[in-house]
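The file my_file_20.cif contains mmCIF, C-alpha atoms:
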data_entry
#
loop_
_atom_site.label_atom_id
_atom_site.label_comp_id
_atom_site.auth_asym_id
_atom_site.auth_seq_id
_atom_site.Cartn_x
_atom_site.Cartn_y
_atom_site.Cartn_z
CA MET U 1 -12.89 -34.55 -7.93
CA GLU U 2 -15.15 -35.01 -4.94
CA PHE U 3 -16.49 -31.50 -4.70
CA ASP U 4 -20.06 -31.28 -5.87
CA GLU U 5 -23.44 -29.86 -4.93
CA LEU U 6 -23.72 -32.19 -1.96
CA CYS U 7 -20.51 -30.70 -0.59
CA ASP U 8 -22.16 -27.27 -0.74
CA LYS U 9 -25.13 -28.62 1.17
CA CYS U 10 -22.85 -30.33 3.67
CA GLU U 11 -20.98 -27.08 4.23
CA GLU U 12 -24.27 -25.34 5.07
CA TRP U 13 -25.17 -28.15 7.44
CA MET U 14 -21.88 -28.23 9.30
CA GLN U 15 -22.81 -25.78 12.09
CA PRO U 16 -26.29 -27.17 12.84
CA TYR U 17 -24.94 -30.72 12.50
CA LEU U 18 -22.29 -30.14 15.15
CA ASP U 19 -24.85 -28.29 17.29
CA ARG U 20 -27.11 -31.37 17.04
CA GLU U 21 -29.84 -29.18 15.59
CA LEU U 22 -30.43 -30.90 12.22
CA ASP U 23 -33.58 -32.95 11.85
CA GLU U 24 -33.20 -36.70 11.45
CA SER U 25 -33.44 -36.85 7.69
CA GLU U 26 -30.92 -34.03 7.20
CA ARG U 27 -28.57 -35.63 9.69
CA ALA U 28 -28.82 -38.97 7.91
CA GLU U 29 -28.18 -37.31 4.56
CA ALA U 30 -25.18 -35.42 5.91
CA GLU U 31 -23.71 -38.58 7.47
CA LYS U 32 -24.19 -40.53 4.28
CA HIS U 33 -22.32 -37.86 2.35
CA LEU U 34 -19.58 -37.62 4.97
CA GLU U 35 -18.95 -41.35 4.79
CA GLY U 36 -18.01 -41.07 1.15
CA CYS U 37 -16.45 -37.61 1.02
CA GLY U 38 -13.01 -37.09 2.52
CA TYR U 39 -13.04 -33.40 1.61
CA CYS U 40 -16.06 -32.64 3.81
CA ARG U 41 -15.10 -35.16 6.48
CA LYS U 42 -11.75 -33.46 7.07
CA ARG U 43 -13.45 -30.08 7.41
CA TYR U 44 -16.07 -31.39 9.84
CA ARG U 45 -13.37 -32.98 11.99
CA PHE U 46 -11.39 -29.79 11.93
CA GLU U 47 -14.40 -27.74 13.04
CA GLU U 48 -15.21 -30.21 15.78
CA SER U 49 -11.68 -30.18 17.09
CA LEU U 50 -11.49 -26.38 16.92
CA ARG U 51 -14.70 -26.07 18.92
CA SER U 52 -13.53 -28.50 21.51
CA PHE U 53 -10.24 -26.61 21.79
CA VAL U 54 -12.06 -23.27 22.20
CA ARG U 55 -14.33 -24.77 24.84
CA GLN U 56 -11.42 -26.29 26.71
CA VAL U 57 -9.26 -23.18 26.84
CA CYS U 58 -12.18 -20.84 27.58
CA SER U 59 -13.53 -22.90 30.47
CA GLU U 60 -12.31 -21.45 33.72
CA GLU U 61 -13.00 -23.16 37.03
CA MET U 62 -14.97 -21.26 39.62
CA PRO U 63 -12.80 -20.03 42.50
CA PRO U 64 -13.65 -22.10 45.63
CA GLU U 65 -14.14 -18.98 47.75
CA LEU U 66 -16.87 -17.81 45.38
CA LYS U 67 -18.78 -21.00 46.00
CA GLN U 68 -18.63 -20.27 49.72
CA LYS U 69 -19.87 -16.72 49.13
CA LEU U 70 -22.79 -18.03 47.09
CA ALA U 71 -23.67 -20.57 49.77
CA ALA U 72 -23.65 -17.76 52.33
CA LEU U 73 -26.43 -16.04 50.36
CA ARG U 74 -28.85 -18.85 51.17
CA THR U 75 -31.87 -18.09 53.28
CA PRO U 76 -31.12 -18.87 56.93
CA LEU U 77 -33.15 -21.77 58.24
CA MET W 1 -63.08 -15.77 65.77
CA SER W 2 -60.30 -16.97 63.55
CA GLU W 3 -60.01 -20.65 63.18
CA VAL W 4 -56.62 -22.18 63.79
CA THR W 5 -55.99 -25.06 61.43
CA PRO W 6 -53.01 -27.36 61.13
CA THR W 7 -52.66 -26.54 57.44
CA GLU W 8 -50.67 -23.35 57.91
CA PRO W 9 -47.64 -24.91 59.68
CA ARG W 10 -47.73 -27.74 57.18
CA ARG W 11 -47.69 -25.28 54.30
CA LEU W 12 -44.76 -23.43 55.85
CA ALA W 13 -42.83 -26.65 56.30
CA THR W 14 -43.42 -27.65 52.67
CA ASP W 15 -42.40 -24.18 51.56
CA ALA W 16 -39.15 -24.35 53.54
CA ARG W 17 -38.36 -27.80 52.18
CA ASP W 18 -38.95 -26.68 48.58
CA ARG W 19 -36.81 -23.61 49.10
CA VAL W 20 -33.93 -25.60 50.56
CA ARG W 21 -34.11 -28.04 47.67
CA PHE W 22 -34.14 -25.17 45.16
CA GLU W 23 -31.11 -23.53 46.79
CA GLU W 24 -29.17 -26.78 46.83
CA GLU W 25 -29.90 -27.49 43.19
CA ALA W 26 -28.97 -23.95 42.18
CA LEU W 27 -25.66 -24.19 44.06
CA GLU W 28 -24.85 -27.51 42.42
CA LEU W 29 -25.06 -25.74 39.06
CA ALA W 30 -22.83 -22.84 40.12
CA ASP W 31 -19.68 -24.21 38.44
CA GLN W 32 -21.46 -24.51 35.12
CA VAL W 33 -23.09 -21.10 35.44
CA TYR W 34 -19.73 -19.55 36.31
CA ARG W 35 -18.02 -20.99 33.22
CA VAL W 36 -20.54 -19.15 31.06
CA ALA W 37 -20.52 -15.98 33.20
CA ARG W 38 -16.75 -15.77 33.03
CA ARG W 39 -16.79 -15.46 29.23
CA LEU W 40 -19.74 -13.10 29.08
CA VAL W 41 -17.79 -10.43 30.94
CA GLY W 42 -14.27 -9.11 30.70
CA SER W 43 -12.75 -9.98 34.06
CA ARG W 44 -12.88 -12.54 36.84
CA GLU W 45 -13.95 -9.85 39.33
CA GLU W 46 -16.93 -8.88 37.16
CA ALA W 47 -17.89 -12.52 36.78
CA GLU W 48 -17.75 -13.04 40.55
CA ASP W 49 -19.89 -9.95 41.24
CA LEU W 50 -22.37 -11.02 38.62
CA MET W 51 -22.59 -14.51 40.09
CA GLN W 52 -23.30 -13.13 43.55
CA GLU W 53 -25.98 -10.78 42.27
CA THR W 54 -27.51 -13.60 40.27
CA TYR W 55 -27.64 -16.02 43.18
CA ALA W 56 -28.94 -13.37 45.56
CA ARG W 57 -31.75 -12.62 43.14
CA ALA W 58 -32.42 -16.30 42.41
CA PHE W 59 -32.70 -17.13 46.12
CA ARG W 60 -35.10 -14.20 46.60
CA SER W 61 -37.31 -15.12 43.64
CA TRP W 62 -37.13 -18.88 43.86
CA ARG W 63 -40.93 -19.12 43.75
CA SER W 64 -40.98 -17.89 40.18
CA TYR W 65 -38.96 -20.92 39.07
CA THR W 66 -41.13 -23.77 37.76
CA PRO W 67 -39.80 -27.08 39.14
CA GLY W 68 -38.93 -29.55 36.42
CA THR W 69 -37.88 -26.88 33.93
CA ASN W 70 -34.26 -26.08 33.05
CA LEU W 71 -32.84 -24.47 36.18
CA ARG W 72 -29.46 -23.74 34.60
CA ALA W 73 -31.19 -21.80 31.80
CA TRP W 74 -33.33 -19.99 34.39
CA LEU W 75 -30.23 -18.90 36.32
CA LEU W 76 -28.47 -17.81 33.13
CA ARG W 77 -31.48 -15.76 32.15
CA ILE W 78 -31.24 -13.83 35.41
CA LEU W 79 -27.51 -13.47 34.90
CA THR W 80 -27.70 -12.16 31.34
CA ASN W 81 -30.43 -9.69 32.31
CA LEU W 82 -28.36 -8.43 35.23
CA ASN W 83 -25.35 -8.15 32.95
CA ILE W 84 -27.31 -5.87 30.63
CA ASP W 85 -28.73 -3.91 33.60
CA ARG W 86 -25.22 -3.40 34.95
CA GLY W 87 -24.70 -0.91 32.19
CA ARG W 88 -23.43 -2.98 29.38
CA ARG W 89 -24.22 -0.63 26.58
CA LYS W 90 -26.21 -2.03 23.74
CA GLN W 91 -23.68 -2.03 20.99
CA ARG W 92 -24.62 -1.21 17.49
CA SER W 93 -24.27 -4.34 15.48
CA PRO W 94 -21.29 -4.18 13.18
CA ASP W 95 -22.04 -3.62 9.53
CA LEU W 96 -23.20 -6.92 8.27
CA GLN W 97 -21.30 -7.56 5.11
CA PRO W 98 -22.49 -10.58 3.22
CA LEU W 99 -20.53 -13.71 4.05
CA GLU W 100 -18.77 -14.40 0.82
CA GLU W 101 -16.96 -17.51 1.92
CA GLY W 102 -18.63 -20.64 3.23
CA ASP W 103 -18.11 -22.36 6.57
CA TYR W 104 -15.06 -24.26 5.36
CA PHE W 105 -13.09 -21.05 4.93
CA LEU W 106 -10.87 -21.35 8.02
CA TYR W 107 -9.79 -24.88 7.18
CA ASN W 108 -9.11 -23.87 3.59
CA ARG W 109 -7.12 -20.88 4.71
CA LEU W 110 -5.00 -22.91 7.13
CA GLU W 111 -4.47 -25.59 4.52
CA GLU W 112 -3.32 -23.05 1.94
CA SER W 113 -0.85 -21.54 4.38
CA SER W 114 0.55 -24.87 5.54
CA ARG W 115 3.91 -25.74 4.03
CA GLU W 116 4.18 -29.21 5.40
CA PRO W 117 1.58 -31.94 5.67
CA ARG W 118 0.31 -32.35 9.21
CA SER W 119 -2.78 -33.66 10.86
CA ASP W 120 -5.77 -31.32 10.94
CA GLN W 121 -6.22 -31.33 14.69
CA ASP W 122 -2.56 -30.65 15.35
CA ALA W 123 -2.60 -27.79 12.88
CA VAL W 124 -5.17 -25.92 14.97
CA VAL W 125 -3.95 -26.62 18.44
CA ASP W 126 -0.28 -26.10 17.61
CA ARG W 127 -0.73 -22.71 16.11
CA LEU W 128 -3.09 -21.19 18.66
CA SER W 129 -2.34 -20.42 22.28
CA GLN W 130 -4.91 -20.14 25.05
CA ASP W 131 -4.37 -16.36 25.06
CA ASP W 132 -5.03 -16.22 21.31
CA VAL W 133 -8.37 -17.93 21.72
CA VAL W 134 -9.49 -16.00 24.81
CA SER W 135 -8.55 -12.71 23.19
CA ALA W 136 -10.22 -13.68 19.89
CA LEU W 137 -13.42 -14.55 21.76
CA SER W 138 -13.39 -11.30 23.71
CA SER W 139 -12.99 -9.37 20.45
CA VAL W 140 -16.36 -10.66 19.22
CA PRO W 141 -19.08 -7.99 19.78
CA HIS W 142 -21.36 -8.69 22.78
CA ASP W 143 -24.52 -9.66 20.96
CA PHE W 144 -22.71 -12.32 18.97
CA ARG W 145 -20.46 -13.41 21.79
CA ASP W 146 -23.37 -14.03 24.17
CA VAL W 147 -24.79 -16.60 21.77
CA ILE W 148 -21.44 -18.30 21.13
CA VAL W 149 -20.75 -18.53 24.85
CA LEU W 150 -24.18 -20.00 25.62
CA VAL W 151 -24.08 -22.57 22.80
CA ASP W 152 -20.38 -23.45 22.58
CA ILE W 153 -19.26 -23.11 26.19
CA GLY W 154 -22.58 -23.51 28.01
CA ASP W 155 -23.76 -26.28 25.67
CA PHE W 156 -27.25 -24.83 25.43
CA THR W 157 -29.58 -25.63 22.54
CA TYR W 158 -30.66 -22.87 20.15
CA HIS W 159 -34.06 -22.98 21.87
CA ASP W 160 -32.61 -22.46 25.36
CA ALA W 161 -30.29 -19.70 24.15
CA ALA W 162 -33.30 -17.94 22.58
CA GLN W 163 -35.20 -18.12 25.87
CA ILE W 164 -32.25 -16.98 27.96
CA LEU W 165 -31.58 -13.96 25.75
CA ASP W 166 -35.26 -13.35 24.98
CA ILE W 167 -34.69 -13.27 21.24
CA PRO W 168 -36.21 -15.34 18.42
CA ILE W 169 -34.52 -18.63 17.57
CA GLY W 170 -33.78 -17.35 14.05
CA THR W 171 -31.80 -14.50 15.61
CA VAL W 172 -29.83 -17.02 17.71
CA MET W 173 -28.93 -18.89 14.55
CA SER W 174 -27.92 -15.84 12.57
CA ARG W 175 -25.88 -14.36 15.45
CA LEU W 176 -24.21 -17.69 16.02
CA HIS W 177 -23.30 -17.99 12.39
CA ARG W 178 -22.01 -14.46 12.19
CA GLY W 179 -20.29 -14.61 15.59
CA ARG W 180 -18.46 -17.84 14.84
CA ARG W 181 -17.32 -16.31 11.58
CA ILE W 182 -15.91 -13.27 13.40
CA LEU W 183 -14.24 -15.56 15.93
CA LYS W 184 -12.72 -17.79 13.28
CA THR W 185 -11.48 -14.85 11.26
CA ALA W 186 -9.71 -13.57 14.37
CA LEU W 187 -8.26 -17.04 15.01
CA ALA W 188 -7.12 -17.33 11.40
CA ASP W 189 -5.40 -13.96 11.64
CA GLN W 190 -3.57 -15.14 14.74
CA ALA W 191 -2.72 -18.54 13.33
CA VAL W 192 -1.52 -17.57 9.88
CA GLY W 193 -1.21 -13.82 10.05
CA GLY W 194 -3.71 -11.28 8.70
#
As structure tokens:
Amino acid sequence: MEFDELCDKCEEWMQPYLDRELDESERAEAEKHLEGCGYCRKRYRFEESLRSFVRQVCSEEMPPELKQKLAALRTPL
Amino acid sequence: MSEVTPTEPRRLATDARDRVRFEEEALELADQVYRVARRLVGSREEAEDLMQETYARAFRSWRSYTPGTNLRAWLLRILTNLNIDRGRRKQRSPDLQPLEEGDYFLYNRLEESSREPRSDQDAVVDRLSQDDVVSALSSVPHDFRDVIVLVDIGDFTYHDAAQILDIPIGTVMSRLHRGRRILKTALADQAVGG
């Protein structure tokens, strides 16, 4: 069974890892564990793909007419 | 007798050039600012009003921006302050129950409910619609949602999010953790049933 204390640590690190907020040594330790642990790797990939899905579906383009309204707020030359 | 020097027109010309540059840079960022604004408020109309107020204020106070610093974060700081000023009531934080499950809980829950083997990525995307996700995000209380929107949709660092919201970085991290948990619980309920 792959689950061990390092998996616990890796689970704690998942959010800051994906946010690129771990320091270098923690990141290296997490990556080393992920290389050898399919259990954690699958869960990291899942989280990454979920985030990217959320970002994609929640990103709404700005209406072009709003851009014109904002430009009209500029100080006249 | 007052002395007329050539420095005054030169100063005015420099000032005008700096202002024009500031306004152009701010407008170039409008798409990115809007994407965040749209998820901080409930409707497109509110987001549009908030954007206009933000840009009007930014253009008026452009001198308080320090060139070379993060202009997108500066604009978002104005926007989030205006959003609070617009009467968004400070919500009481929900009761903070201890998080009994770890961060793998959503994956584990989906895996347990899955009857057939399928790829992880497909399992998420197939079961959730755009409406599910948008409605799950809007169900997250404001304080938590603001941080999720800034970090996950706006791609801001914890440090920038802390400055924008004027809260300590530790609070950003704890709200993000808690907020993502609320969001994922809502997504899990929609994907596999409560």
Task: Residues of chain U within 9 Å of chain W, counting all atoms listed in the file, as number ranges by chain - done: U: 8, 11-12, 14-16, 19-21, 40, 42-47, 49-63, 66-67, 69-71, 73-75, 77
Task: Residue IDs satisfying the PyMOL selection byres ((chain U and resi 27) around 12), as a list in words - done: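 Matching residues under the PyMOL selection byres ((chain U and resi 27) around 12) are Lys9, Cys10, Trp13, Met14, Gln15, Pro16, Tyr17, Leu18, Asp19, Arg20, Glu21, Leu22, Asp23, Glu24, Ser25, Glu26, Ala28, Glu29, Ala30, Glu31, Lys32, His33 and Leu34 of chain U.
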TODO: Could you check how far CA of Gln163 in chain W sits from CA of Gly42 in chain W, in Å to one decimal?
DONE: 23.3 Å
TODO: Would you mind telling me which residue in W:Leu150, W:Thr80, W:Val140, W:Ala191 lies nearest to Gly179 in chain W when using all atoms listed in the file?
DONE: W:Val140
Task: CA of Arg72 in chain W to CA of Arg145 in chain W, distance in Å rounded to a single decimal - done: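 Between CA of Arg72 in chain W and CA of Arg145 in chain W the gap works out to 18.8 Å.
If you look at CA of Leu50 in chain W and CA of Asn70 in chain W, they are 20.0 Å away from each other.
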Open item on the list: Measuring between all atoms listed in the file, which one of W:Arg21, W:Trp74, W:Arg109, W:Asp189 shows the shortest distance to Ala161 in chain W?
Closed with: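 Nearest candidate to Ala161 in chain W out of W:Arg21, W:Trp74, W:Arg109, W:Asp189: W:Trp74.
Remark: for Ser64 in chain W, the closest of the candidate residues W:Glu8, W:Leu110, W:Ile78, W:Phe144 is W:Ile78 (distances computed over only C-alpha atoms).
Residues with at least one atom no more than 12 Å from (-28.8, -8.9, 32.4), using all atoms listed in the file, are W:Ala37, W:Leu40, W:Val41, W:Leu50, W:Met51, W:Glu53, W:Thr54, W:Arg57, W:Leu75, W:Leu76, W:Arg77, W:Ile78, W:Leu79, W:Thr80, W:Asn81, W:Leu82, W:Asn83, W:Ile84, W:Asp85, W:Arg86, W:Gly87, W:Arg88, W:Arg89, W:Lys90, W:Asp146, W:Ile164, W:Leu165, W:Asp166.
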Next, the residues of the selection above should be written as a PDB file, keeping the file's coordinate frame with C-alpha atoms.
ATOM      1  CA  ALA W  37     -20.520 -15.980  33.200  1.00  0.00           C
ATOM      2  CA  LEU W  40     -19.740 -13.100  29.080  1.00  0.00           C
ATOM      3  CA  VAL W  41     -17.790 -10.430  30.940  1.00  0.00           C
ATOM      4  CA  LEU W  50     -22.370 -11.020  38.620  1.00  0.00           C
ATOM      5  CA  MET W  51     -22.590 -14.510  40.090  1.00  0.00           C
ATOM      6  CA  GLU W  53     -25.980 -10.780  42.270  1.00  0.00           C
ATOM      7  CA  THR W  54     -27.510 -13.600  40.270  1.00  0.00           C
ATOM      8  CA  ARG W  57     -31.750 -12.620  43.140  1.00  0.00           C
ATOM      9  CA  LEU W  75     -30.230 -18.900  36.320  1.00  0.00           C
ATOM     10  CA  LEU W  76     -28.470 -17.810  33.130  1.00  0.00           C
ATOM     11  CA  ARG W  77     -31.480 -15.760  32.150  1.00  0.00           C
ATOM     12  CA  ILE W  78     -31.240 -13.830  35.410  1.00  0.00           C
ATOM     13  CA  LEU W  79     -27.510 -13.470  34.900  1.00  0.00           C
ATOM     14  CA  THR W  80     -27.700 -12.160  31.340  1.00  0.00           C
ATOM     15  CA  ASN W  81     -30.430  -9.690  32.310  1.00  0.00           C
ATOM     16  CA  LEU W  82     -28.360  -8.430  35.230  1.00  0.00           C
ATOM     17  CA  ASN W  83     -25.350  -8.150  32.950  1.00  0.00           C
ATOM     18  CA  ILE W  84     -27.310  -5.870  30.630  1.00  0.00           C
ATOM     19  CA  ASP W  85     -28.730  -3.910  33.600  1.00  0.00           C
ATOM     20  CA  ARG W  86     -25.220  -3.400  34.950  1.00  0.00           C
ATOM     21  CA  GLY W  87     -24.700  -0.910  32.190  1.00  0.00           C
ATOM     22  CA  ARG W  88     -23.430  -2.980  29.380  1.00  0.00           C
ATOM     23  CA  ARG W  89     -24.220  -0.630  26.580  1.00  0.00           C
ATOM     24  CA  LYS W  90     -26.210  -2.030  23.740  1.00  0.00           C
ATOM     25  CA  ASP W 146     -23.370 -14.030  24.170  1.00  0.00           C
ATOM     26  CA  ILE W 164     -32.250 -16.980  27.960  1.00  0.00           C
ATOM     27  CA  LEU W 165     -31.580 -13.960  25.750  1.00  0.00           C
ATOM     28  CA  ASP W 166     -35.260 -13.350  24.980  1.00  0.00           C
TER      29      ASP W 166
END
Task: Counting only C-alpha atoms, the residue of W:Leu183, W:Val172, W:Ala162, W:Ala13 that sits nearest Pro141 in chain W - done: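 Smallest distance to Pro141 in chain W is found for W:Leu183.
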